[in-house]
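Novice: File follows, input-v7.tsv with TSV, C-alpha atoms:
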```
chain	number	residue	atom	x	y	z
A	1	MET	CA	26.83	8.55	-13.92
A	2	THR	CA	23.33	9.79	-13.06
A	3	VAL	CA	20.81	10.88	-15.65
A	4	GLN	CA	20.66	14.59	-14.95
A	5	GLY	CA	18.03	16.64	-16.75
A	6	ALA	CA	16.44	13.57	-18.36
A	7	ALA	CA	12.71	13.43	-18.99
A	8	GLN	CA	10.77	12.33	-15.93
A	9	PRO	CA	7.39	10.60	-15.80
A	10	ARG	CA	4.54	11.98	-13.72
A	11	ARG	CA	4.58	10.35	-10.31
A	12	MET	CA	1.66	9.45	-8.06
A	13	GLN	CA	1.80	7.87	-4.62
A	14	MET	CA	-1.36	6.14	-3.38
A	15	VAL	CA	-1.76	6.33	0.42
A	16	GLY	CA	-4.26	5.12	3.00
A	17	THR	CA	-5.11	2.00	4.98
A	18	GLN	CA	-4.87	-1.57	3.72
A	19	ARG	CA	-8.10	-3.36	2.78
A	20	SER	CA	-9.45	-0.17	1.22
A	21	GLY	CA	-9.72	-1.33	-2.39
A	22	SER	CA	-6.29	-0.13	-3.44
A	23	ASN	CA	-5.64	-3.08	-5.75
A	24	LEU	CA	-8.91	-2.41	-7.54
A	25	VAL	CA	-7.94	1.24	-8.04
A	26	ARG	CA	-4.41	0.24	-9.05
A	27	LEU	CA	-5.62	-2.17	-11.71
A	28	MET	CA	-8.02	0.36	-13.16
A	29	LEU	CA	-5.40	3.09	-13.27
A	30	GLY	CA	-2.93	0.64	-14.79
A	31	GLY	CA	-5.45	0.02	-17.55
A	32	LEU	CA	-5.28	3.63	-18.68
A	33	PRO	CA	-3.04	4.50	-21.64
A	34	GLY	CA	0.47	5.42	-20.61
A	35	VAL	CA	0.10	4.58	-16.89
A	36	LEU	CA	2.28	2.09	-15.04
A	37	ALA	CA	0.68	0.81	-11.82
A	38	PRO	CA	2.57	-2.25	-10.52
A	39	PRO	CA	1.74	-4.17	-7.34
A	40	SER	CA	3.09	-2.82	-4.07
A	41	ALA	CA	6.49	-4.19	-3.04
A	42	HIS	CA	6.90	-2.11	0.14
A	43	LYS	CA	10.45	-1.08	-0.75
A	44	LEU	CA	10.52	2.17	1.20
A	45	ARG	CA	9.05	0.59	4.32
A	46	ASP	CA	11.07	-2.62	4.35
A	47	PHE	CA	14.45	-0.97	3.78
A	48	GLN	CA	14.06	1.69	6.48
A	49	ASP	CA	16.42	-0.21	8.79
A	50	LEU	CA	18.65	-1.47	5.98
A	51	TRP	CA	19.51	1.31	3.59
A	52	HIS	CA	22.15	2.93	5.82
A	53	ARG	CA	24.25	-0.19	5.29
A	54	TYR	CA	24.74	0.93	1.69
A	55	GLU	CA	26.17	4.33	2.57
A	56	PRO	CA	27.73	6.41	1.26
A	57	LEU	CA	25.28	6.39	-1.65
A	58	SER	CA	27.40	8.99	-3.36
A	59	GLU	CA	29.55	6.01	-4.38
A	60	PRO	CA	28.23	4.33	-7.58
A	61	VAL	CA	29.06	0.85	-6.29
A	62	ASN	CA	26.90	1.37	-3.22
A	63	ARG	CA	24.01	2.71	-5.29
A	64	LYS	CA	24.26	-0.36	-7.49
A	65	ARG	CA	24.16	-2.67	-4.46
A	66	LEU	CA	21.07	-0.95	-3.08
A	67	ILE	CA	19.22	-0.93	-6.40
A	68	SER	CA	20.12	-4.58	-7.01
A	69	ASP	CA	18.75	-5.65	-3.62
A	70	LEU	CA	15.59	-3.58	-4.09
A	71	THR	CA	15.19	-5.27	-7.48
A	72	LEU	CA	15.46	-8.69	-5.87
A	73	LEU	CA	12.81	-7.69	-3.33
A	74	ILE	CA	10.51	-6.86	-6.25
A	75	ASP	CA	11.31	-10.18	-7.95
A	76	LEU	CA	10.26	-12.02	-4.77
A	77	ASN	CA	6.94	-10.18	-4.52
A	78	ALA	CA	3.83	-12.36	-4.31
A	79	LEU	CA	2.12	-10.30	-7.01
A	80	ALA	CA	4.68	-10.18	-9.78
A	81	TRP	CA	5.79	-7.15	-11.70
A	82	GLN	CA	6.13	-7.61	-15.44
A	83	PRO	CA	9.05	-10.02	-16.02
A	84	GLY	CA	12.26	-8.26	-16.94
A	85	SER	CA	10.65	-4.88	-16.32
A	86	LEU	CA	13.51	-3.44	-14.27
A	87	ASP	CA	17.04	-2.78	-15.46
A	88	PRO	CA	19.13	-2.17	-12.32
A	89	VAL	CA	21.89	-0.45	-14.29
A	90	ARG	CA	19.58	2.15	-15.78
A	91	ALA	CA	17.80	2.58	-12.44
A	92	THR	CA	21.13	3.23	-10.73
A	93	ARG	CA	21.96	5.89	-13.29
A	94	ARG	CA	18.59	7.51	-12.68
A	95	MET	CA	19.20	8.10	-8.98
A	96	LEU	CA	19.26	11.87	-8.53
A	97	GLY	CA	20.21	11.84	-4.85
A	98	ASN	CA	21.73	9.80	-2.05
A	99	THR	CA	18.75	8.45	-0.08
A	100	LEU	CA	16.53	5.39	-0.10
A	101	ALA	CA	13.65	7.48	-1.45
A	102	HIS	CA	15.81	8.54	-4.41
A	103	ALA	CA	16.47	4.85	-5.14
A	104	VAL	CA	12.77	3.95	-4.95
A	105	LEU	CA	11.78	6.81	-7.27
A	106	ALA	CA	14.54	5.84	-9.71
A	107	ILE	CA	13.15	2.32	-9.91
A	108	TYR	CA	9.62	3.47	-10.74
A	109	ASP	CA	10.90	6.10	-13.18
A	110	THR	CA	13.02	3.53	-14.99
A	111	VAL	CA	10.33	0.87	-15.25
A	112	ALA	CA	7.76	3.41	-16.45
A	113	LEU	CA	9.96	4.99	-19.10
A	114	ASP	CA	11.29	1.64	-20.31
A	115	ALA	CA	7.67	0.54	-20.74
A	116	GLY	CA	6.86	3.69	-22.72
A	117	CYS	CA	4.64	5.08	-19.95
A	118	SER	CA	4.31	8.78	-19.19
A	119	ALA	CA	3.13	8.26	-15.60
A	120	TRP	CA	3.31	5.79	-12.76
A	121	VAL	CA	1.31	5.05	-9.62
A	122	SER	CA	2.81	3.45	-6.52
A	123	LYS	CA	0.33	1.41	-4.47
A	124	CYS	CA	2.46	1.22	-1.30
A	125	LEU	CA	-0.19	2.70	0.98
A	126	GLU	CA	2.09	2.74	4.02
A	127	ASN	CA	4.19	5.40	2.31
A	128	VAL	CA	1.80	7.87	3.88
A	129	HIS	CA	4.14	7.54	6.87
A	130	TYR	CA	7.20	8.27	4.70
A	131	ALA	CA	5.82	11.14	2.65
A	132	ASP	CA	8.44	13.45	4.14
A	133	GLN	CA	11.20	11.24	2.73
A	134	LEU	CA	9.64	11.19	-0.73
A	135	LEU	CA	9.09	14.95	-0.77
A	136	ALA	CA	12.59	15.64	0.55
A	137	THR	CA	13.96	14.32	-2.75
A	138	GLY	CA	12.59	17.43	-4.47
A	139	ALA	CA	10.78	15.27	-7.02
A	140	GLU	CA	7.34	16.28	-8.23
A	141	ILE	CA	4.93	13.81	-6.62
A	142	THR	CA	1.17	13.86	-6.29
A	143	PHE	CA	-0.65	11.86	-3.64
A	144	LEU	CA	-3.88	9.89	-4.01
A	145	HIS	CA	-5.50	9.36	-0.61
A	146	LEU	CA	-7.87	6.39	-0.76
A	147	VAL	CA	-10.39	6.25	2.09
A	148	ARG	CA	-12.80	3.45	3.04
A	149	ASP	CA	-15.35	3.18	5.82
A	150	PRO	CA	-13.36	1.84	8.81
A	151	ARG	CA	-16.16	-0.58	9.67
A	152	ASP	CA	-15.77	-2.27	6.29
A	153	VAL	CA	-11.97	-2.10	6.58
A	154	ALA	CA	-12.19	-3.99	9.89
A	155	LEU	CA	-14.48	-6.67	8.45
A	156	SER	CA	-12.08	-7.13	5.54
A	157	PHE	CA	-9.13	-7.52	7.91
A	158	LEU	CA	-11.13	-10.07	9.89
A	159	ARG	CA	-11.43	-12.25	6.75
A	160	SER	CA	-7.85	-11.76	5.56
A	161	PRO	CA	-4.67	-13.59	6.63
A	162	ILE	CA	-2.88	-10.33	7.47
A	163	GLY	CA	-3.34	-7.29	9.65
A	164	PRO	CA	-5.15	-6.55	12.92
A	165	LYS	CA	-8.08	-8.68	14.04
A	166	ASP	CA	-9.37	-6.79	17.08
A	167	PRO	CA	-11.81	-4.15	15.78
A	168	ARG	CA	-10.37	-1.56	18.15
A	169	ALA	CA	-6.87	-2.23	16.78
A	170	VAL	CA	-8.19	-1.68	13.26
A	171	ALA	CA	-9.81	1.56	14.41
A	172	LEU	CA	-6.52	2.77	15.88
A	173	ARG	CA	-4.63	1.93	12.68
A	174	TRP	CA	-7.25	3.66	10.54
A	175	LEU	CA	-7.04	6.76	12.72
A	176	GLN	CA	-3.25	6.78	12.60
A	177	ASP	CA	-3.27	6.52	8.83
A	178	GLN	CA	-5.74	9.38	8.46
A	179	GLU	CA	-3.66	11.54	10.80
A	180	ALA	CA	-0.55	10.72	8.77
A	181	ALA	CA	-2.46	11.65	5.62
A	182	ARG	CA	-3.34	15.05	7.07
A	183	THR	CA	0.32	15.66	7.87
A	184	ALA	CA	1.39	14.51	4.40
A	185	ARG	CA	-1.18	16.77	2.76
A	186	THR	CA	0.28	19.74	4.58
A	187	LEU	CA	3.76	18.82	3.35
A	188	ALA	CA	2.68	18.12	-0.23
A	189	GLY	CA	0.30	21.06	-0.55
A	190	PRO	CA	-3.35	20.94	-1.64
A	191	ASN	CA	-2.46	21.15	-5.34
A	192	ASN	CA	-0.59	17.86	-5.09
A	193	TRP	CA	-3.23	15.98	-3.11
A	194	LEU	CA	-6.33	14.07	-4.19
A	195	GLU	CA	-8.80	12.27	-1.94
A	196	ILE	CA	-11.26	9.62	-3.11
A	197	ARG	CA	-13.54	7.20	-1.30
A	198	TYR	CA	-13.61	3.52	-2.16
A	199	GLU	CA	-17.40	3.59	-2.06
A	200	ASP	CA	-17.50	6.31	-4.73
A	201	VAL	CA	-15.15	4.32	-6.95
A	202	LEU	CA	-17.50	1.34	-6.76
A	203	ALA	CA	-20.56	3.46	-7.52
A	204	ALA	CA	-19.15	5.44	-10.47
A	205	PRO	CA	-15.52	4.61	-11.38
A	206	ALA	CA	-15.11	7.05	-14.25
A	207	GLU	CA	-16.46	10.00	-12.27
A	208	ALA	CA	-14.57	9.12	-9.08
A	209	LEU	CA	-11.26	8.72	-10.91
A	210	ALA	CA	-11.65	11.71	-13.25
A	211	PRO	CA	-9.55	14.03	-11.03
A	212	THR	CA	-6.87	11.34	-10.86
A	213	CYS	CA	-6.77	11.11	-14.64
A	214	GLU	CA	-6.47	14.87	-14.83
A	215	MET	CA	-3.58	14.84	-12.41
A	216	LEU	CA	-1.85	12.07	-14.38
A	217	ARG	CA	-2.70	13.92	-17.62
A	218	VAL	CA	-4.25	10.89	-19.25
A	219	PRO	CA	-7.80	10.45	-20.55
A	220	TRP	CA	-10.23	8.06	-18.95
A	221	ASP	CA	-10.67	4.87	-20.96
A	222	ASP	CA	-13.58	2.50	-20.33
A	223	GLY	CA	-11.15	-0.31	-21.06
A	224	ALA	CA	-9.90	0.23	-17.51
A	225	LEU	CA	-13.12	-1.40	-16.30
A	226	SER	CA	-11.97	-4.67	-17.88
A	227	PHE	CA	-9.11	-4.92	-15.39
A	228	TYR	CA	-10.42	-8.26	-14.10
A	229	ARG	CA	-9.59	-9.92	-17.44
A	230	ARG	CA	-5.90	-9.08	-17.28
A	231	PRO	CA	-3.56	-11.99	-16.41
A	232	GLU	CA	-2.34	-10.38	-13.18
A	233	ALA	CA	-5.94	-10.10	-11.95
A	234	VAL	CA	-7.08	-13.53	-13.12
A	235	GLY	CA	-4.29	-15.32	-11.24
A	236	ALA	CA	-4.35	-13.21	-8.08
A	237	PRO	CA	-7.12	-15.05	-6.14
A	238	ASP	CA	-5.15	-18.31	-6.39
A	239	LEU	CA	-2.27	-16.68	-4.53
A	240	SER	CA	-4.22	-15.38	-1.54
A	241	VAL	CA	-7.69	-14.59	-0.23
A	242	LEU	CA	-6.38	-11.02	-0.04
A	243	TRP	CA	-7.18	-10.69	-3.74
A	244	VAL	CA	-10.31	-12.79	-3.99
A	245	ASN	CA	-12.32	-10.17	-5.91
A	246	LEU	CA	-9.70	-8.96	-8.37
A	247	ASP	CA	-10.89	-11.29	-11.14
A	248	ARG	CA	-14.43	-9.88	-10.97
A	249	PRO	CA	-15.98	-6.72	-12.39
A	250	VAL	CA	-16.64	-3.66	-10.25
A	251	ASP	CA	-19.59	-4.40	-7.98
A	252	PRO	CA	-21.19	-1.51	-6.06
A	253	SER	CA	-22.75	-4.00	-3.63
A	254	ARG	CA	-19.33	-4.59	-2.08
A	255	ALA	CA	-19.72	-1.31	-0.23
A	256	GLY	CA	-21.44	-1.26	3.15
A	257	ASP	CA	-20.44	-4.69	4.46
A	258	HIS	CA	-21.07	-3.44	7.99
A	259	LEU	CA	-24.77	-3.05	7.17
A	260	ARG	CA	-25.03	-6.78	6.54
A	261	THR	CA	-23.30	-8.11	9.62
A	262	THR	CA	-25.18	-9.14	12.73
A	263	ASP	CA	-22.17	-8.54	14.99
A	264	THR	CA	-23.23	-5.13	16.25
A	265	GLU	CA	-20.66	-5.19	19.06
A	266	PHE	CA	-17.87	-5.48	16.50
A	267	ILE	CA	-19.16	-2.46	14.57
A	268	ALA	CA	-19.84	-0.44	17.72
A	269	ALA	CA	-16.29	-1.03	18.94
A	270	ILE	CA	-14.94	0.61	15.78
A	271	GLU	CA	-17.33	3.54	15.89
A	272	GLU	CA	-16.53	4.19	19.54
A	273	LEU	CA	-13.02	5.28	18.54
A	274	THR	CA	-13.60	6.64	15.02
A	275	ALA	CA	-17.03	8.32	15.02
A	276	ASP	CA	-15.68	11.88	14.72
A	277	ALA	CA	-13.19	11.04	11.96
A	278	MET	CA	-15.81	8.96	10.13
A	279	ARG	CA	-18.06	11.99	9.78
A	280	ALA	CA	-15.19	14.00	8.34
A	281	TYR	CA	-15.15	11.57	5.40
A	282	GLY	CA	-18.91	11.37	5.02
A	283	TYR	CA	-19.58	8.15	6.94
A	284	VAL	CA	-22.45	8.00	9.42
A	285	PRO	CA	-21.94	6.19	12.76
A	286	ARG	CA	-24.88	4.05	13.90
A	287	TYR	CA	-24.06	3.36	17.56
A	288	HIS	CA	-21.85	6.21	18.80
A	289	ALA	CA	-22.51	9.90	18.28
A	290	ARG	CA	-19.05	10.96	19.47
A	291	ALA	CA	-15.68	9.27	19.55
A	292	ARG	CA	-13.97	8.33	22.79
A	293	VAL	CA	-10.20	8.68	23.25
A	294	PRO	CA	-8.77	5.55	24.90
A	295	SER	CA	-6.16	5.75	27.65
A	296	LEU	CA	-2.60	4.59	27.08
A	297	ASP	CA	-3.23	1.58	29.31
A	298	GLU	CA	-6.30	0.69	27.27
A	299	ILE	CA	-4.37	1.02	24.02
A	300	GLN	CA	-1.71	-1.36	25.33
A	301	GLU	CA	-4.43	-3.84	26.28
A	302	ILE	CA	-6.01	-3.52	22.82
A	303	TYR	CA	-2.71	-4.35	21.14
A	304	LYS	CA	-2.13	-7.24	23.54
A	305	THR	CA	-5.49	-8.74	22.64
A	306	ASP	CA	-4.84	-8.15	18.96
A	307	ARG	CA	-1.51	-9.96	19.09
A	308	ARG	CA	-3.29	-12.99	20.52
A	309	LEU	CA	-5.93	-12.89	17.80
A	310	ARG	CA	-3.31	-12.52	15.09
A	311	ALA	CA	-1.36	-15.50	16.41
A	312	ALA	CA	-4.52	-17.63	16.24
A	313	ALA	CA	-5.19	-16.41	12.69
A	314	ASN	CA	-1.64	-17.28	11.63
A	315	LEU	CA	-2.25	-20.91	12.58
A	316	ARG	CA	-5.08	-21.04	10.04
A	317	ARG	CA	-2.99	-19.87	7.10
A	318	ASP	CA	-2.54	-22.17	4.11
A	319	PRO	CA	1.23	-22.97	4.07
A	320	THR	CA	1.24	-23.67	0.32
A	321	LYS	CA	-0.12	-20.19	-0.43
A	322	GLU	CA	1.98	-18.52	2.22
A	323	TYR	CA	5.25	-19.66	0.65
A	324	THR	CA	5.17	-16.95	-2.01
A	325	HIS	CA	4.67	-14.35	0.74
A	326	LYS	CA	7.39	-15.74	3.01
A	327	ARG	CA	10.17	-15.54	0.41
A	328	ARG	CA	10.50	-11.79	0.66
A	329	TYR	CA	10.62	-11.89	4.48
A	330	GLU	CA	13.32	-14.55	4.36
A	331	PHE	CA	15.30	-12.37	1.95
A	332	LEU	CA	15.00	-9.33	4.20
A	333	ASP	CA	16.03	-11.43	7.20
A	334	ALA	CA	19.09	-12.63	5.26
A	335	LEU	CA	20.06	-9.02	4.54
A	336	ARG	CA	19.71	-8.08	8.21
A	337	ARG	CA	21.83	-11.04	9.25
A	338	LYS	CA	24.30	-10.38	6.39
A	339	ARG	CA	23.75	-13.84	5.01
A	340	PRO	CA	23.86	-14.83	1.32
A	341	TRP	CA	20.72	-15.09	-0.77
A	342	PRO	CA	19.48	-17.53	-1.88
A	343	PRO	CA	20.48	-19.50	1.22
A	344	VAL	CA	23.50	-21.74	0.83
A	345	PRO	CA	22.46	-25.40	1.29
```
Could you express the structure from this file as structure tokens?
Specialist:
Amino acid sequence: MTVQGAAQPRRMQMVGTQRSGSNLVRLMLGGLPGVLAPPSAHKLRDFQDLWHRYEPLSEPVNRKRLISDLTLLIDLNALAWQPGSLDPVRATRRMLGNTLAHAVLAIYDTVALDAGCSAWVSKCLENVHYADQLLATGAEITFLHLVRDPRDVALSFLRSPIGPKDPRAVALRWLQDQEAARTARTLAGPNNWLEIRYEDVLAAPAEALAPTCEMLRVPWDDGALSFYRRPEAVGAPDLSVLWVNLDRPVDPSRAGDHLRTTDTEFIAAIEELTADAMRAYGYVPRYHARARVPSLDEIQEIYKTDRRLRAAANLRRDPTKEYTHKRRYEFLDALRRKRPWPPVP
């Protein structure tokens, strides 16, 4: 049976674009008393084309199957959640509705309450595109919109093994995410929406995160600044270059990477598409006063070029480090093909 009327933790969904410092923010928030902030496992995104196979979710056995498979996805995550942190049985009982979003919320609620936490933060930034599904559950959810200068986002993607490599493709993704955030803010309402800039977090973490603490109803604790000493941060850089700075203290000099690059064409290509939106978030374009809207044909060409650049980047990946990332994709592929997991020899 479901847990009707049970105490619920405060819920916060972080949204935005990848390579915007979300793991830094997550680790600091997770260092506050009573806050659970696990790594992103992309449950809502990766089960969009799968969850209907578990219907009807009004049947307890189907809920249990869905929660169990979502739990396995978490267990296969490259950045681990706390071992044994999720009890699928209790999570199944906590589902208060019959959708994928209800299942995802039940998982976070269960892990947080079992850990003695009064609040949780989800770092799945792409959930900005699924805010309607989260809000349709009727659950009380606040959103933390993390914004970073798109020029620095693009440079970070260029150095990482994932994501777009063409600067114009990064610009288009950044714009799409900001547009989705505006839509989500309308759905959530201004009282349930916070916006912070990565650059402000680097400059003054306590001040930048004060509204977030207020929303979570927890006090700021300077111990959050020691996030880089926690085991999950210390081991992260060995897993991927994605997390190369997580075992280091907050460093304000990490902001403004675009000011130190000599590739002005790269930076100009981003500004050409984002200049107007950049100003809305307080960023100052250097090469383009106004943004230009590309044609549909040009957008297709941008994505074609980006696919070629991504393919070349994939060839440079370290296969030993990539194994921990590939496991979850292999699991999802097995679900889609209705094959057993782990694979039968």
Novice: Could you please determine the separation between atom CA of A:Pro285 and atom CA of A:Pro150 in Å, to one decimal place?
Specialist: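 Separation between atom CA of A:Pro285 and atom CA of A:Pro150: 10.4 Å.
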Novice: Residues within 9 Å of A:Phe331, please, as a ChimeraX atom specification. Count all atoms listed in the file; anything in the same chain fewer than 6 positions from it doesn't count.
Specialist: /A:72-73,76,340-343
Novice: Which value, in Å to one decimal, gives the distance between atom CA of A:Leu155 and atom CA of A:Arg19?
Specialist: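 Those two atoms sit 9.2 Å apart.
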Novice: What's the 7 Å shell around A:Cys117, counting only C-alpha atoms, without same-chain residues fewer than 2 positions away, as a list in words?
Specialist: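 Everything that qualifies: Gly34, Val35, Leu36, Ala112, Leu113, Ala115 and Ala119 of chain A.
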Novice: Would you pick out the contacts of stretch 188-191 of chain A at 9 Å or less, using all atoms listed in the file, so that residues sharing its chain but fewer than 5 positions from it are not included, and give the list as a PyMOL selection string?
Specialist: chain A and resi 131-132+135+141-143+183
Novice: Within 12 Å of (7.9, 11.4, 1.9), all atoms listed in the file: residues as a PyMOL selection string?
Specialist: chain A and resi 12-15+44-45+99-102+104-105+124-143+180-181+183-188
Novice: I'd like to know which of A:Leu239, A:Met215, A:Val121, A:Leu146 is closest to A:Tyr323, using only C-alpha atoms.
Specialist: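 Smallest separation from A:Tyr323 among the options: A:Leu239.
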Novice: When distances are computed from all atoms listed in the file, which of A:Asp306, A:Asp69, A:Asp247, A:Asp221 shows the smallest separation from A:Ala233?
Specialist: A:Asp247
Novice: Which residue out of A:Val61, A:Ala255, A:Leu242, A:Val111 has the minimum interatomic distance to A:Arg151 when only C-alpha atoms are used?
Specialist: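 Answer, going by the shortest atom-to-atom distance: A:Ala255.
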Novice: When distances are computed from all atoms listed in the file, which of A:Met95, A:Leu70, A:Ala204, A:Ala277 shows the smallest separation from A:Ala41?
Specialist: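 Smallest separation from A:Ala41 among the options: A:Leu70.
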